[in-house]
Amino acid sequence: MTIRKISVGLLVGFVTLVACTKQLEQVKDVFPGFGVPSNFGTPVYPVNGPNKVTEAGFILGRTLFYEGKLSRDNTISCGSCHIQSAAFTHHGHDLSHGIDDLLGRRNAPSIANAAWYQHFFWDGGVFNLDLLSLAPIQNPVEMDETMPNIVRKLRTTPKYPSMFSSAFGDTSITGTRVLQALSQFMLMCISSNSKYDSVMRKEPGVQFTPQEQAGYQIYKNKCSTCHTEPLLTNNQFANNGLPLGINPDEGRYEVTLNAADKYKFKVPTLRNLQYTAPYMHDGRLLTLHAVLNHYQTGMVNTGTVHPQFFSNGQLVGIPLTPTEREQLLAFLNTLNDKVLVTNKLLAEQ
Amino acid sequence: MKRILLIGLIALTVASCKKNNDDVLSNELAPISVEFDNVVGDQNLLLNSGVYTNANGQQFSVTTCNYFVSNFVLTKTDGTIYTVPQDSSYFLVRENLPATRFATMKVPQGDYAQVQFIIGVDSLRSTMDISRRTGVLDPSGGMDGMYWTWNSGYIFLKLEGTSPAAPADANGNRRFRFHIGGFGGYSSATINNIKQVTLSLTNRGIAKVRTNRNANVHLFANIAQVMNGATNVNLSTNATTMFNAFSTQVANNYQNMFTHDHTEN
């Protein structure tokens with residue numbers, strides 16, 4: 001055979017291979033990777049740092065997120081209390097309940113848009129997404145397990161060594177890698193496809209109705225100091241005047257030991273309220289009407305209430321006329337993101 | 001043949017030169033260990049079985065005694081300062097694992113007259129990416145729960161035990177627990193219990209660090225000084241001291257618990 005013949009043969013083979021790959025890609029869903037929505041800012045998480053999101057890392061993270069072996073008796077996964085259809089919260093539960101049906105003392109927060117958060121949990125005690133998963137895993141009333149035990153269990157589960165190898169380059173299973181993979185999954189849980197987002201991105205054919213637009217103005221005047229766009233939270237801590245009688249949880253104070261932080265909690269996002277009832281750090285308010293009633297007539301001055309709620313030294317909350325209430329609720333309804341709660345990529349496979 | 005002889009002669013000369021100049025040491029790194037020998041007053045610490053008395057006259061026994069020591073800086077007799085590379089400068093002393101009482105590192109050859117370290121983990125490392133926190137610093141590793149998962153940060157010192165003075169819990173056990181940490185806070189300032197310790201080796205024996213042997217600086221850690229000092233801890237009212245303001249007084253006590261006993265050169 002001449003060199004030319006070999007070359008031609010190789011070329012034909014190469015072209016065939018390329019064609020085959022193309023066909024495969026068409027069959028398979030293409031992994032989108034981590035992307036910043038155009039109406040969002042720069043993520044807090046170092047997305048180009050040591051734990052960059054890859055398809056294999058994300059798939060491993062998703063498998064671990066729905067893995068019961070992360071709990072002591074293998075029954076509770078992350079997804080047990082962070083349910084996709086509830087925008088990754090524990091819908092219908094005021095306080096999250098974990099292993100042996102034990103109750104926690106706070107409502108399970110959503111993991112969506114975690115890439116843009118610098119604190120996690122209601123008191124902000126965890127300041128890095130990679131450290132977040134340790135808290136529920138080791139909490140005796142949530143998953144009650146230790147990382148060394150989880151690593152032992154995963155090492156003896158046949159599917160995992162190859163999944164870790166695809167994600168991290170070798171079959172070694174370590175606690176750090178478990179945490180990093182879980183971060184990769186959570187980084188991909190982005191809520192940026194509500195009607196509000198489409199309006200902000202000026203997508204063709206999408207507009208607020210006059211009622212939603214009026215509600216948006218009310219929101220901008222009365223809510224946006226704390227529930228700041230585009231995440232609909234400023235990521236800070238505030239006391240919104242909840243009465244202490246039911247639950248004297250001191251919130252952020254437990255982390256800072258600063259008296260000025262007593263009864264302050266992380267400002268939750270206003271996204272996906274339709275899917276995430278009940279509301280507040282202890283889930284005490286079951287409906288959005290109850291929430292608005294609290295701001296209109298239910299607030300109590302417990303000493304560290306946010307200045308926004310005062311007028312001439314008087315605690316006035318958020319006064320709203322019945323019409324304004326309806327307009328505000330109409331706007332809040334545009335913040336629900338159906339894509340997040342139905343995206344198959346984020347579901348248990 | 002002549003050439004071989006000549007080379008041999010040069011080699012011999014070089015070798016003998018080295019031997020003669022023992023006091024002029026190369027900067028080659030050599031081993032040194034700092035030994036953390038836990039005692040209670042003038043008794044050795046015995047987990048579970050030892051019974052001791054604090055300054056308030058309260059009896060106690062110890063079941064767990066762990067603490068981090070890190071960021072070692074050694075000073076030579078001529079004043080030269082050597083900072084141990086940070087990645088190799090974190091140690092977790094655990095009384096139940098005898099091998100962990102040695103903080104082993106490598107420093108340039110020389111005679112050392114001072115050892116400095118911190119009790120705990122510095123704030124920079126406490127907030128680093130988890131890929132930079134390996135070994136005893138791995139929050140997902142087996143470091144005996146020396147980490148608060150709910151309030152991201154290392155527990156610098158953990159002393160647990162029993163005392164007839166401590167209040168009975170639901171199961172009737174009279175336990176005390178000191179979990180002391182706090183690196184100053186990540187985004188909001190809070191308690192900082194990082195403590196620096198500086199010990200002179202001049203009186204009890206300087207460390208002669210050489211490549212051909214291992215110098216061991218033998219320290220005593222008097223665990224009684226967790227409870228005794230500027231604030232004598234009362235086990236009936238402060239049996240559980242974790243992340244709270246009182247913990248700073250406990251840290252101020254134990255900051256002074258280390259003494260240099262002798263050096264094995």
# chains A, B, ... in the order shown; residues from 1 in each chain; ligands from 1

$ interface_residues --of "chain A" --to "chain B" --cutoff "9 Å" --atoms "only C-alpha atoms" --output "ChimeraX atom specification"
/A:50-51,118-119,121,123-128,130-136,138-139,146-148,174-180,254-258

$ residues_around --residues "Leu315 (chain A)" --least-positions-apart "2" --cutoff "9 Å" --atoms "only C-alpha atoms" --output "number ranges by chain"
A: 299-301, 305, 307, 309-313, 317

$ residues_around --residues "Asp337 (chain A)" --least-positions-apart "5" --cutoff "7 Å" --atoms "only C-alpha atoms" --output "NGL selection string"
:A and (191 or 193-194 or 272)

$ residues_around --residues "region 223-238 of chain B" --least-positions-apart "2" --cutoff "8 Å" --atoms "only C-alpha atoms" --output "count of residues only"
24

$ atom_distance --atom1 "CA of Leu273 (chain A)" --atom2 "CA of Asn336 (chain A)"
6.6 Å

$ select_by_dssp --residues "region 99-325 of chain A" --states "alpha helix (DSSP H)" --output "MDAnalysis selection string"
chainID A and resid 129:132 134:138 147:155 160:168 175:187 195:200 210:222 253:256 288:293 322:325

$ select_by_dssp --residues "region 129-201 of chain B" --states "strand (DSSP E)" --output "list in words"
Tyr147, Trp148, Gly153, Tyr154, Ile155, Phe156, Leu157, Lys158, Leu159, Glu160, Gly161, Thr162, Arg175, Phe176, Arg177, Phe178, His179, Ile180, Gly181, Lys195, Gln196, Val197, Thr198, Leu199 and Ser200 of chain B

$ residues_around --residues "Leu219 (chain B)" --least-positions-apart "5" --cutoff "6 Å" --atoms "only C-alpha atoms" --output "short mmCIF file (atom, residue, chain, number, x, y, z; two decimals) with N, CA, C and O atoms, in the first residue's frame"
data_model
loop_
_atom_site.label_atom_id
_atom_site.label_comp_id
_atom_site.auth_asym_id
_atom_site.auth_seq_id
_atom_site.Cartn_x
_atom_site.Cartn_y
_atom_site.Cartn_z
N GLU B 35 6.94 18.65 71.12
CA GLU B 35 6.10 17.63 71.76
C GLU B 35 5.12 18.30 72.73
O GLU B 35 5.53 19.08 73.59
N PHE B 36 3.84 17.99 72.57
CA PHE B 36 2.80 18.54 73.45
C PHE B 36 2.38 17.45 74.43
O PHE B 36 1.60 16.57 74.10
N ASP B 37 2.96 17.55 75.62
CA ASP B 37 2.76 16.53 76.65
C ASP B 37 1.70 17.06 77.62
O ASP B 37 1.96 17.99 78.38
N THR B 259 4.34 25.28 78.88
CA THR B 259 5.67 25.62 79.39
C THR B 259 6.69 24.71 78.73
O THR B 259 6.38 23.58 78.34
N HIS B 260 7.92 25.22 78.59
CA HIS B 260 8.99 24.41 78.03
C HIS B 260 9.66 23.65 79.16
O HIS B 260 10.15 24.26 80.12
N ASP B 261 9.68 22.33 79.07
CA ASP B 261 10.31 21.54 80.15
C ASP B 261 11.76 21.24 79.84
O ASP B 261 12.64 21.46 80.65
#

$ residues_around --residues "region 59-71 of chain A" --least-positions-apart "5" --cutoff "9 Å" --atoms "only C-alpha atoms" --output "VMD selection string"
chain A and resid 54 76 to 80 99 137 to 138 142 to 147 149 to 150 153 to 154 160 163 to 164 166 to 167 178 to 186 345 to 349

$ residues_around --residues "His82 (chain A)" --least-positions-apart "2" --cutoff "10 Å" --atoms "only C-alpha atoms" --output "PyMOL selection string"
chain A and resi 65-66+77-80+84-91+96+108-112

$ atom_distance --atom1 "CA of Leu340 (chain A)" --atom2 "CA of Asn293 (chain A)"
28.6 Å

$ closest_residue --among "A:Phe331, A:Trp116, A:Phe31, A:Tyr219" --to "Pro43 (chain A)" --atoms "only C-alpha atoms"
A:Trp116

$ atom_distance --atom1 "CA of Ile246 (chain A)" --atom2 "CA of Ala239 (chain B)"
28.5 Å

$ closest_residue --among "A:Ile83, A:Met188, A:Val341, A:Leu332" --to "Lys52 (chain A)" --atoms "only C-alpha atoms"
A:Met188

$ closest_residue --among "A:Val316, A:Leu129, A:Phe120, A:Val339" --to "Val47 (chain A)" --atoms "only C-alpha atoms"
A:Leu129
